[in-house]
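Chemist: So I've got this file, entry.pdb, and it contains PDB, C-alpha atoms and all ligand atoms:
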```
MODEL        1
ATOM      1  CA  MET N 264       0.000   0.000   0.000  1.00  0.00           C
ATOM      2  CA  GLY N 265       1.261   3.472  -0.852  1.00  0.00           C
ATOM      3  CA  GLU N 266       2.035   6.013   1.840  1.00  0.00           C
ATOM      4  CA  THR N 267      -0.808   8.396   2.746  1.00  0.00           C
ATOM      5  CA  ALA N 268      -0.499  11.794   1.114  1.00  0.00           C
ATOM      6  CA  HIS N 269      -1.190  14.920   3.128  1.00  0.00           C
ATOM      7  CA  GLU N 270      -2.588  18.097   1.682  1.00  0.00           C
ATOM      8  CA  ILE N 271      -0.380  21.038   2.713  1.00  0.00           C
ATOM      9  CA  ALA N 272      -0.434  24.753   1.984  1.00  0.00           C
ATOM     10  CA  LEU N 273       2.753  26.778   2.321  1.00  0.00           C
ATOM     11  CA  THR N 274       3.249  30.426   1.591  1.00  0.00           C
ATOM     12  CA  VAL N 275       6.374  30.330  -0.512  1.00  0.00           C
ATOM     13  CA  ASN N 276       7.938  33.663  -1.409  1.00  0.00           C
ATOM     14  CA  GLY N 277       4.619  35.350  -0.724  1.00  0.00           C
ATOM     15  CA  VAL N 278       2.464  32.975  -2.773  1.00  0.00           C
ATOM     16  CA  VAL N 279       0.247  30.273  -1.267  1.00  0.00           C
ATOM     17  CA  ARG N 280       1.241  26.923  -2.757  1.00  0.00           C
ATOM     18  CA  ARG N 281      -0.814  23.777  -2.181  1.00  0.00           C
ATOM     19  CA  THR N 282       0.469  20.303  -2.767  1.00  0.00           C
ATOM     20  CA  ARG N 283       0.044  16.717  -1.573  1.00  0.00           C
ATOM     21  CA  VAL N 284       3.008  15.052   0.048  1.00  0.00           C
ATOM     22  CA  PRO N 285       3.761  11.810   1.832  1.00  0.00           C
ATOM     23  CA  GLY N 286       4.524  12.323   5.528  1.00  0.00           C
ATOM     24  CA  ARG N 287       8.233  11.696   5.003  1.00  0.00           C
ATOM     25  CA  ARG N 288       8.644  14.094   2.073  1.00  0.00           C
ATOM     26  CA  LEU N 289      11.489  16.476   2.868  1.00  0.00           C
ATOM     27  CA  LEU N 290      10.895  20.179   2.510  1.00  0.00           C
ATOM     28  CA  SER N 291      13.949  20.383   0.211  1.00  0.00           C
ATOM     29  CA  ASP N 292      12.409  17.790  -2.139  1.00  0.00           C
ATOM     30  CA  CYS N 293       9.000  19.415  -1.909  1.00  0.00           C
ATOM     31  CA  LEU N 294      10.426  22.814  -2.878  1.00  0.00           C
ATOM     32  CA  ARG N 295      12.607  21.462  -5.662  1.00  0.00           C
ATOM     33  CA  HIS N 296      10.492  18.697  -7.132  1.00  0.00           C
ATOM     34  CA  ASP N 297       6.878  19.470  -6.226  1.00  0.00           C
ATOM     35  CA  LEU N 298       7.044  23.251  -6.476  1.00  0.00           C
ATOM     36  CA  GLY N 299       9.808  23.573  -9.080  1.00  0.00           C
ATOM     37  CA  LEU N 300      11.962  25.893  -6.966  1.00  0.00           C
ATOM     38  CA  THR N 301      15.358  24.455  -7.787  1.00  0.00           C
ATOM     39  CA  GLY N 302      17.285  27.429  -6.401  1.00  0.00           C
ATOM     40  CA  THR N 303      17.457  25.618  -3.069  1.00  0.00           C
ATOM     41  CA  HIS N 304      20.388  23.266  -3.366  1.00  0.00           C
ATOM     42  CA  VAL N 305      20.931  19.960  -1.655  1.00  0.00           C
ATOM     43  CA  GLY N 306      24.450  18.893  -0.702  1.00  0.00           C
ATOM     44  CA  CYS N 307      24.947  16.487   2.170  1.00  0.00           C
ATOM     45  CA  GLU N 308      21.270  15.765   2.938  1.00  0.00           C
ATOM     46  CA  HIS N 309      22.361  15.267   6.543  1.00  0.00           C
ATOM     47  CA  GLY N 310      22.072  18.743   8.022  1.00  0.00           C
ATOM     48  CA  VAL N 311      25.791  19.425   7.806  1.00  0.00           C
ATOM     49  CA  CYS N 312      26.512  21.672   4.813  1.00  0.00           C
ATOM     50  CA  GLY N 313      23.789  24.311   4.987  1.00  0.00           C
ATOM     51  CA  CYS N 314      23.236  24.342   1.177  1.00  0.00           C
ATOM     52  CA  CYS N 315      19.552  23.643   1.642  1.00  0.00           C
ATOM     53  CA  THR N 316      18.917  26.498   4.084  1.00  0.00           C
ATOM     54  CA  VAL N 317      15.651  28.361   3.560  1.00  0.00           C
ATOM     55  CA  LEU N 318      13.767  30.714   5.849  1.00  0.00           C
ATOM     56  CA  MET N 319      10.713  29.463   7.701  1.00  0.00           C
ATOM     57  CA  ASP N 320       8.829  32.385   9.245  1.00  0.00           C
ATOM     58  CA  GLY N 321      12.068  34.333   8.835  1.00  0.00           C
ATOM     59  CA  GLU N 322      14.285  31.812  10.659  1.00  0.00           C
ATOM     60  CA  PRO N 323      16.890  29.754   8.799  1.00  0.00           C
ATOM     61  CA  VAL N 324      16.069  26.046   8.667  1.00  0.00           C
ATOM     62  CA  ARG N 325      17.767  23.134   6.992  1.00  0.00           C
ATOM     63  CA  SER N 326      15.171  22.028   4.477  1.00  0.00           C
ATOM     64  CA  CYS N 327      16.858  18.608   4.192  1.00  0.00           C
ATOM     65  CA  LEU N 328      16.041  17.966   7.855  1.00  0.00           C
ATOM     66  CA  THR N 329      12.514  19.388   7.763  1.00  0.00           C
ATOM     67  CA  PHE N 330       9.488  17.401   6.715  1.00  0.00           C
ATOM     68  CA  ALA N 331       7.300  19.290   4.268  1.00  0.00           C
ATOM     69  CA  VAL N 332       4.254  18.615   6.461  1.00  0.00           C
ATOM     70  CA  THR N 333       5.831  20.564   9.325  1.00  0.00           C
ATOM     71  CA  ALA N 334       5.992  23.609   7.043  1.00  0.00           C
ATOM     72  CA  ASP N 335       2.231  23.454   6.488  1.00  0.00           C
ATOM     73  CA  GLY N 336       0.748  26.887   7.179  1.00  0.00           C
ATOM     74  CA  HIS N 337       4.157  28.564   7.461  1.00  0.00           C
ATOM     75  CA  GLU N 338       5.908  31.215   5.404  1.00  0.00           C
ATOM     76  CA  ILE N 339       8.884  29.934   3.475  1.00  0.00           C
ATOM     77  CA  THR N 340      11.414  32.125   1.737  1.00  0.00           C
ATOM     78  CA  THR N 341      13.787  30.528  -0.728  1.00  0.00           C
ATOM     79  CA  VAL N 342      16.610  32.131  -2.665  1.00  0.00           C
ATOM     80  CA  GLU N 343      14.120  32.853  -5.447  1.00  0.00           C
ATOM     81  CA  GLY N 344      12.203  35.109  -3.070  1.00  0.00           C
ATOM     82  CA  LEU N 345      15.050  37.282  -1.790  1.00  0.00           C
ATOM     83  CA  ALA N 346      15.098  39.797  -4.632  1.00  0.00           C
ATOM     84  CA  ASP N 347      12.669  42.666  -4.779  1.00  0.00           C
ATOM     85  CA  GLY N 348      11.270  42.038  -8.251  1.00  0.00           C
ATOM     86  CA  ALA N 349      14.127  42.488 -10.720  1.00  0.00           C
ATOM     87  CA  ARG N 350      16.322  44.168  -8.094  1.00  0.00           C
ATOM     88  CA  MET N 351      18.637  41.856  -6.204  1.00  0.00           C
ATOM     89  CA  SER N 352      18.550  42.132  -2.424  1.00  0.00           C
ATOM     90  CA  PRO N 353      21.403  43.940  -0.640  1.00  0.00           C
ATOM     91  CA  VAL N 354      22.829  40.566   0.403  1.00  0.00           C
ATOM     92  CA  GLN N 355      22.741  39.283  -3.185  1.00  0.00           C
ATOM     93  CA  ARG N 356      24.342  42.478  -4.496  1.00  0.00           C
ATOM     94  CA  ALA N 357      27.066  42.341  -1.852  1.00  0.00           C
ATOM     95  CA  PHE N 358      27.908  38.704  -2.670  1.00  0.00           C
ATOM     96  CA  ALA N 359      28.199  39.611  -6.363  1.00  0.00           C
ATOM     97  CA  GLU N 360      30.259  42.725  -5.649  1.00  0.00           C
ATOM     98  CA  CYS N 361      32.656  41.019  -3.213  1.00  0.00           C
ATOM     99  CA  HIS N 362      32.966  37.791  -5.210  1.00  0.00           C
ATOM    100  CA  GLY N 363      31.462  35.847  -2.330  1.00  0.00           C
ATOM    101  CA  LEU N 364      30.573  32.980  -4.643  1.00  0.00           C
ATOM    102  CA  GLN N 365      32.443  30.819  -7.084  1.00  0.00           C
ATOM    103  CA  CYS N 366      30.748  27.563  -8.008  1.00  0.00           C
ATOM    104  CA  GLY N 367      27.673  28.969  -6.321  1.00  0.00           C
ATOM    105  CA  PHE N 368      26.421  25.636  -5.067  1.00  0.00           C
ATOM    106  CA  CYS N 369      26.439  26.772  -1.461  1.00  0.00           C
ATOM    107  CA  THR N 370      25.310  30.301  -2.287  1.00  0.00           C
ATOM    108  CA  PRO N 371      21.520  30.000  -1.905  1.00  0.00           C
ATOM    109  CA  GLY N 372      22.060  28.699   1.625  1.00  0.00           C
ATOM    110  CA  PHE N 373      24.491  31.493   2.472  1.00  0.00           C
ATOM    111  CA  LEU N 374      22.163  34.130   1.060  1.00  0.00           C
ATOM    112  CA  CYS N 375      19.254  32.894   3.185  1.00  0.00           C
ATOM    113  CA  THR N 376      21.400  32.535   6.322  1.00  0.00           C
ATOM    114  CA  VAL N 377      22.958  35.974   5.918  1.00  0.00           C
ATOM    115  CA  THR N 378      19.596  37.601   5.196  1.00  0.00           C
ATOM    116  CA  ALA N 379      18.307  36.295   8.527  1.00  0.00           C
ATOM    117  CA  LEU N 380      21.561  37.143  10.308  1.00  0.00           C
ATOM    118  CA  LEU N 381      21.486  40.788   9.225  1.00  0.00           C
ATOM    119  CA  ARG N 382      17.808  41.121  10.036  1.00  0.00           C
ATOM    120  CA  GLU N 383      18.620  40.056  13.571  1.00  0.00           C
ATOM    121  CA  ASN N 384      21.920  41.907  13.846  1.00  0.00           C
ATOM    122  CA  PRO N 385      22.304  44.721  11.288  1.00  0.00           C
ATOM    123  CA  ALA N 386      25.936  45.488  12.222  1.00  0.00           C
ATOM    124  CA  PRO N 387      27.659  42.238  13.169  1.00  0.00           C
ATOM    125  CA  THR N 388      31.270  42.119  14.312  1.00  0.00           C
ATOM    126  CA  GLU N 389      33.797  39.946  12.497  1.00  0.00           C
ATOM    127  CA  GLU N 390      33.292  37.237  15.112  1.00  0.00           C
ATOM    128  CA  GLU N 391      29.513  37.398  14.842  1.00  0.00           C
ATOM    129  CA  VAL N 392      29.736  37.049  11.057  1.00  0.00           C
ATOM    130  CA  LEU N 393      32.015  34.017  11.359  1.00  0.00           C
ATOM    131  CA  GLU N 394      29.723  32.489  13.944  1.00  0.00           C
ATOM    132  CA  GLY N 395      26.679  33.361  11.808  1.00  0.00           C
ATOM    133  CA  VAL N 396      27.954  31.565   8.714  1.00  0.00           C
ATOM    134  CA  SER N 397      29.596  28.694  10.579  1.00  0.00           C
ATOM    135  CA  GLY N 398      26.746  26.343   9.700  1.00  0.00           C
ATOM    136  CA  ASN N 399      27.218  26.860   5.964  1.00  0.00           C
ATOM    137  CA  LEU N 400      30.053  25.140   4.184  1.00  0.00           C
ATOM    138  CA  CYS N 401      31.753  26.532   1.098  1.00  0.00           C
ATOM    139  CA  ARG N 402      34.620  24.651  -0.464  1.00  0.00           C
ATOM    140  CA  CYS N 403      35.608  27.364  -2.930  1.00  0.00           C
ATOM    141  CA  THR N 404      36.060  30.796  -1.471  1.00  0.00           C
ATOM    142  CA  GLY N 405      37.961  30.314   1.757  1.00  0.00           C
ATOM    143  CA  TYR N 406      35.340  32.525   3.428  1.00  0.00           C
ATOM    144  CA  GLN N 407      37.275  35.814   3.125  1.00  0.00           C
ATOM    145  CA  ASN N 408      35.034  37.076   0.360  1.00  0.00           C
ATOM    146  CA  ILE N 409      31.903  35.729   2.005  1.00  0.00           C
ATOM    147  CA  VAL N 410      32.760  37.548   5.235  1.00  0.00           C
ATOM    148  CA  LYS N 411      33.534  40.698   3.231  1.00  0.00           C
ATOM    149  CA  ALA N 412      30.192  40.319   1.481  1.00  0.00           C
ATOM    150  CA  VAL N 413      28.316  40.102   4.783  1.00  0.00           C
ATOM    151  CA  HIS N 414      29.920  43.345   5.995  1.00  0.00           C
ATOM    152  CA  ARG N 415      29.249  44.977   2.617  1.00  0.00           C
ATOM    153  CA  ALA N 416      25.605  43.868   2.748  1.00  0.00           C
ATOM    154  CA  ALA N 417      25.304  45.412   6.224  1.00  0.00           C
ATOM    155  CA  GLU N 418      26.735  48.644   4.787  1.00  0.00           C
ATOM    156  CA  ILE N 419      24.345  48.663   1.807  1.00  0.00           C
ATOM    157  CA  MET N 420      21.381  48.017   4.091  1.00  0.00           C
ATOM    158  CA  ALA N 421      22.440  50.863   6.397  1.00  0.00           C
ATOM    159  CA  GLU N 422      22.811  53.213   3.399  1.00  0.00           C
ATOM    160  CA  GLU N 423      19.376  52.226   2.147  1.00  0.00           C
ATOM    161  CA  ARG N 424      17.836  52.822   5.560  1.00  0.00           C
ATOM    162  CA  VAL N 425      19.298  56.356   5.551  1.00  0.00           C
ATOM    163  CA  GLU N 426      17.972  56.993   2.025  1.00  0.00           C
ATOM    164  CA  GLU N 427      14.508  55.790   3.014  1.00  0.00           C
ATOM    165  CA  ALA N 428      14.407  57.922   6.192  1.00  0.00           C
TER     166      ALA N 428
HETATM  167  S1  LIG R 501      21.787  19.449   2.238  1.00  0.00           S
HETATM  168 FE1  LIG R 501      20.844  20.149   4.032  1.00  0.00          FE
HETATM  169  S2  LIG R 501      22.473  20.612   5.349  1.00  0.00           S
HETATM  170 FE2  LIG R 501      23.421  19.756   3.606  1.00  0.00          FE
HETATM  171  S1  LIG R 502      30.958  28.838  -4.000  1.00  0.00           S
HETATM  172 FE1  LIG R 502      31.514  26.807  -4.302  1.00  0.00          FE
HETATM  173  S2  LIG R 502      30.927  25.719  -2.500  1.00  0.00           S
HETATM  174 FE2  LIG R 502      30.487  27.764  -2.155  1.00  0.00          FE
ENDMDL
END
```
Can I see the file as structure tokens?
Modeler:
Amino acid sequence: MGETAHEIALTVNGVVRRTRVPGRRLLSDCLRHDLGLTGTHVGCEHGVCGCCTVLMDGEPVRSCLTFAVTADGHEITTVEGLADGARMSPVQRAFAECHGLQCGFCTPGFLCTVTALLRENPAPTEEEVLEGVSGNLCRCTGYQNIVKAVHRAAEIMAEERVEEA
């Protein structure tokens, strides 16, 4: 007998998405395969690398360790939802400007993690940045450019706050 499917409704990047999933369907698979949002990457599938990080109600979660059914009724933000229309978010712009990505496999996870980090702490110290990204693994950049990008994103966000005031 097949596994029972559950009807779930998630708000993904501001849009309510309904789908039917087996109880053990991972959120990462649901986003990528059921909802076609392949920007979320999957690396280790064991909660180690952080590639699959998305935001659930604004908090970073490892989508490879989260069952899709537990996201029912919650707000999910994936890398596809970070930009403001055609304009990249400050974090995305800073990563591009500071060369904080190379192969880019880990990048969606970093972008989501850093977005949440800067929302919580708009002016992190060097140590806080290192601590903040310690759950995301990148094998390419050696972290210098990623750390630079986080500080640059904080700067851009501060400039934009001044402009808006
Ligand atoms: S794929 Fe989820 S932490 Fe590595
Ligand atoms: S840019 Fe290659 S793993 Fe991060």
Chemist: Please evaluate the PyMOL selection byres (((not hetatm)) within 8 of (chain R and resi 502)) against the structure above and give the resulting residues as an MDAnalysis selection string.
Modeler: chainID N and resid 363:370 400:404
Chemist: Name the closest residue to Leu290 (chain N) among the candidates N:Ala331, N:Leu374, N:Leu393, N:Val354; distances are taken between atoms, counting all atoms listed in the file.
Modeler: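 Among the listed residues, N:Ala331 lies closest to Leu290 (chain N).
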Chemist: Ranking N:Glu391, N:Ala346, N:Ile409, N:Glu383 by minimum distance to Glu360 (chain N) and counting only C-alpha atoms, which one comes first?
Modeler: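 Of all the options, N:Ile409 lies closest to Glu360 (chain N).
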Chemist: Give as a list of chain:residue names the residues surrounding ligand LIG 501 (chain R) up to a distance of 8 Å, considering all atoms listed in the file.
Modeler: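 Using all atoms listed in the file, everything at most 8 Å from ligand LIG 501 (chain R) comes to N:Ser291, N:His304, N:Val305, N:Gly306, N:Cys307, N:Glu308, N:His309, N:Gly310, N:Val311, N:Cys312, N:Gly313, N:Cys314, N:Cys315, N:Thr316, N:Arg325, N:Ser326, N:Cys327, N:Leu328, N:Asn399.
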Chemist: Can you give me, as a PyMOL selection string, the residues this file yields under the PyMOL selection byres (((chain N and resi 355) around 9) and not hetatm)?
Modeler: chain N and resi 345-346+351-354+356-360+374+412+416
Chemist: Go ahead and save the residues from that selection, with C-alpha atoms, as a PDB file, in the coordinates of the input.
Modeler:
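The file below, part36.pdb, is the result:
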```pdb
ATOM      1  CA  LEU N 345      15.050  37.282  -1.790  1.00  0.00           C
ATOM      2  CA  ALA N 346      15.098  39.797  -4.632  1.00  0.00           C
ATOM      3  CA  MET N 351      18.637  41.856  -6.204  1.00  0.00           C
ATOM      4  CA  SER N 352      18.550  42.132  -2.424  1.00  0.00           C
ATOM      5  CA  PRO N 353      21.403  43.940  -0.640  1.00  0.00           C
ATOM      6  CA  VAL N 354      22.829  40.566   0.403  1.00  0.00           C
ATOM      7  CA  ARG N 356      24.342  42.478  -4.496  1.00  0.00           C
ATOM      8  CA  ALA N 357      27.066  42.341  -1.852  1.00  0.00           C
ATOM      9  CA  PHE N 358      27.908  38.704  -2.670  1.00  0.00           C
ATOM     10  CA  ALA N 359      28.199  39.611  -6.363  1.00  0.00           C
ATOM     11  CA  GLU N 360      30.259  42.725  -5.649  1.00  0.00           C
ATOM     12  CA  LEU N 374      22.163  34.130   1.060  1.00  0.00           C
ATOM     13  CA  ALA N 412      30.192  40.319   1.481  1.00  0.00           C
ATOM     14  CA  ALA N 416      25.605  43.868   2.748  1.00  0.00           C
TER      15      ALA N 416
END
```
Chemist: Tell me which protein, DNA and RNA residues are within 12 Å of Val279 (chain N), counting all atoms listed in the file, leaving out same-chain ones fewer than 5 positions away, and put them as a VMD selection string.
Modeler: chain N and resid 271 to 274 298 335 to 340
Chemist: I need the output of the PyMOL selection byres (((chain N and resi 322) around 10) and not hetatm) for this file as a list in words; which residues are they?
Modeler: Thr316, Val317, Leu318, Met319, Asp320, Gly321, Pro323, Val324, Glu338, Ile339, Thr340, Cys375, Thr376, Thr378, Ala379, Leu380, Arg382 and Glu383 of chain N
Chemist: Enter the distance from CA of Glu390 (chain N) to CA of Gln407 (chain N), in Å, rounded to one decimal.
Modeler: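 CA of Gln407 (chain N) lies 12.7 Å from CA of Glu390 (chain N).
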Chemist: One number please: CA of Glu389 (chain N) to CA of Val410 (chain N), in Å, one decimal.
Modeler: 7.7 Å
Chemist: Between CA of Gly277 (chain N) and CA of Thr341 (chain N), what is the distance in Å, rounded to a tenth?
Modeler: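 Taking CA of Gly277 (chain N) and CA of Thr341 (chain N), their separation equals 10.4 Å.
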Chemist: Draw an axis-aligned box tight on the listed atoms of region 319-337 of chain N, then pad every side by 6 Å and write out centre and edge lengths in Å to one decimal as JSON.
Modeler:
```
{"center_x": 9.3, "center_y": 25.9, "center_z": 7.4, "size_x": 29.0, "size_y": 28.9, "size_z": 18.5}
```
Chemist: Add whatever atoms are absent from region 291-316 of chain N to reach N, CA and C atoms, and provide the output as a PDB file, in the coordinates of the input.
Modeler:
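Heads up, here's the output in part-v1.pdb:
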```pdb
ATOM      1  N   SER N 291      13.048  20.118   1.352  1.00  0.00           N
ATOM      2  CA  SER N 291      13.949  20.383   0.211  1.00  0.00           C
ATOM      3  C   SER N 291      13.407  19.723  -1.057  1.00  0.00           C
ATOM      4  N   ASP N 292      12.950  18.486  -0.956  1.00  0.00           N
ATOM      5  CA  ASP N 292      12.409  17.790  -2.139  1.00  0.00           C
ATOM      6  C   ASP N 292      11.090  18.411  -2.570  1.00  0.00           C
ATOM      7  N   CYS N 293      10.287  18.797  -1.593  1.00  0.00           N
ATOM      8  CA  CYS N 293       9.000  19.415  -1.909  1.00  0.00           C
ATOM      9  C   CYS N 293       9.231  20.717  -2.685  1.00  0.00           C
ATOM     10  N   LEU N 294      10.167  21.538  -2.197  1.00  0.00           N
ATOM     11  CA  LEU N 294      10.426  22.814  -2.878  1.00  0.00           C
ATOM     12  C   LEU N 294      10.967  22.571  -4.284  1.00  0.00           C
ATOM     13  N   ARG N 295      11.929  21.672  -4.375  1.00  0.00           N
ATOM     14  CA  ARG N 295      12.607  21.462  -5.662  1.00  0.00           C
ATOM     15  C   ARG N 295      11.732  20.692  -6.649  1.00  0.00           C
ATOM     16  N   HIS N 296      11.165  19.592  -6.184  1.00  0.00           N
ATOM     17  CA  HIS N 296      10.492  18.697  -7.132  1.00  0.00           C
ATOM     18  C   HIS N 296       8.994  18.973  -7.259  1.00  0.00           C
ATOM     19  N   ASP N 297       8.325  19.254  -6.133  1.00  0.00           N
ATOM     20  CA  ASP N 297       6.878  19.470  -6.226  1.00  0.00           C
ATOM     21  C   ASP N 297       6.568  20.894  -6.662  1.00  0.00           C
ATOM     22  N   LEU N 298       7.366  21.848  -6.182  1.00  0.00           N
ATOM     23  CA  LEU N 298       7.044  23.251  -6.476  1.00  0.00           C
ATOM     24  C   LEU N 298       7.975  23.859  -7.534  1.00  0.00           C
ATOM     25  N   GLY N 299       8.948  23.111  -7.981  1.00  0.00           N
ATOM     26  CA  GLY N 299       9.808  23.573  -9.080  1.00  0.00           C
ATOM     27  C   GLY N 299      10.779  24.681  -8.707  1.00  0.00           C
ATOM     28  N   LEU N 300      11.042  24.829  -7.391  1.00  0.00           N
ATOM     29  CA  LEU N 300      11.962  25.893  -6.966  1.00  0.00           C
ATOM     30  C   LEU N 300      13.353  25.294  -6.750  1.00  0.00           C
ATOM     31  N   THR N 301      14.081  25.173  -7.833  1.00  0.00           N
ATOM     32  CA  THR N 301      15.358  24.455  -7.787  1.00  0.00           C
ATOM     33  C   THR N 301      16.522  25.337  -7.328  1.00  0.00           C
ATOM     34  N   GLY N 302      16.217  26.565  -6.931  1.00  0.00           N
ATOM     35  CA  GLY N 302      17.285  27.429  -6.401  1.00  0.00           C
ATOM     36  C   GLY N 302      17.822  26.898  -5.088  1.00  0.00           C
ATOM     37  N   THR N 303      16.994  26.231  -4.319  1.00  0.00           N
ATOM     38  CA  THR N 303      17.457  25.618  -3.069  1.00  0.00           C
ATOM     39  C   THR N 303      18.273  24.389  -3.432  1.00  0.00           C
ATOM     40  N   HIS N 304      19.518  24.380  -3.006  1.00  0.00           N
ATOM     41  CA  HIS N 304      20.388  23.266  -3.366  1.00  0.00           C
ATOM     42  C   HIS N 304      20.462  22.235  -2.242  1.00  0.00           C
ATOM     43  N   VAL N 305      20.802  21.041  -2.629  1.00  0.00           N
ATOM     44  CA  VAL N 305      20.931  19.960  -1.655  1.00  0.00           C
ATOM     45  C   VAL N 305      22.345  19.396  -1.791  1.00  0.00           C
ATOM     46  N   GLY N 306      23.078  19.405  -0.670  1.00  0.00           N
ATOM     47  CA  GLY N 306      24.450  18.893  -0.702  1.00  0.00           C
ATOM     48  C   GLY N 306      24.530  17.584   0.037  1.00  0.00           C
ATOM     49  N   CYS N 307      24.693  17.681   1.365  1.00  0.00           N
ATOM     50  CA  CYS N 307      24.947  16.487   2.170  1.00  0.00           C
ATOM     51  C   CYS N 307      23.689  15.686   2.492  1.00  0.00           C
ATOM     52  N   GLU N 308      22.553  16.372   2.521  1.00  0.00           N
ATOM     53  CA  GLU N 308      21.270  15.765   2.938  1.00  0.00           C
ATOM     54  C   GLU N 308      21.313  15.228   4.358  1.00  0.00           C
ATOM     55  N   HIS N 309      22.239  15.719   5.151  1.00  0.00           N
ATOM     56  CA  HIS N 309      22.361  15.267   6.543  1.00  0.00           C
ATOM     57  C   HIS N 309      22.424  16.422   7.535  1.00  0.00           C
ATOM     58  N   GLY N 310      22.071  17.614   7.091  1.00  0.00           N
ATOM     59  CA  GLY N 310      22.072  18.743   8.022  1.00  0.00           C
ATOM     60  C   GLY N 310      23.440  19.320   8.315  1.00  0.00           C
ATOM     61  N   VAL N 311      24.432  18.983   7.505  1.00  0.00           N
ATOM     62  CA  VAL N 311      25.791  19.425   7.806  1.00  0.00           C
ATOM     63  C   VAL N 311      26.210  20.649   6.990  1.00  0.00           C
ATOM     64  N   CYS N 312      25.888  20.684   5.708  1.00  0.00           N
ATOM     65  CA  CYS N 312      26.512  21.672   4.813  1.00  0.00           C
ATOM     66  C   CYS N 312      25.794  23.017   4.732  1.00  0.00           C
ATOM     67  N   GLY N 313      24.523  23.043   5.023  1.00  0.00           N
ATOM     68  CA  GLY N 313      23.789  24.311   4.987  1.00  0.00           C
ATOM     69  C   GLY N 313      23.313  24.746   3.605  1.00  0.00           C
ATOM     70  N   CYS N 314      23.657  23.993   2.555  1.00  0.00           N
ATOM     71  CA  CYS N 314      23.236  24.342   1.177  1.00  0.00           C
ATOM     72  C   CYS N 314      21.733  24.532   1.053  1.00  0.00           C
ATOM     73  N   CYS N 315      21.005  23.723   1.807  1.00  0.00           N
ATOM     74  CA  CYS N 315      19.552  23.643   1.642  1.00  0.00           C
ATOM     75  C   CYS N 315      18.802  24.630   2.521  1.00  0.00           C
ATOM     76  N   THR N 316      19.555  25.566   3.133  1.00  0.00           N
ATOM     77  CA  THR N 316      18.917  26.498   4.084  1.00  0.00           C
ATOM     78  C   THR N 316      17.877  27.381   3.397  1.00  0.00           C
TER      79      THR N 316
END
```
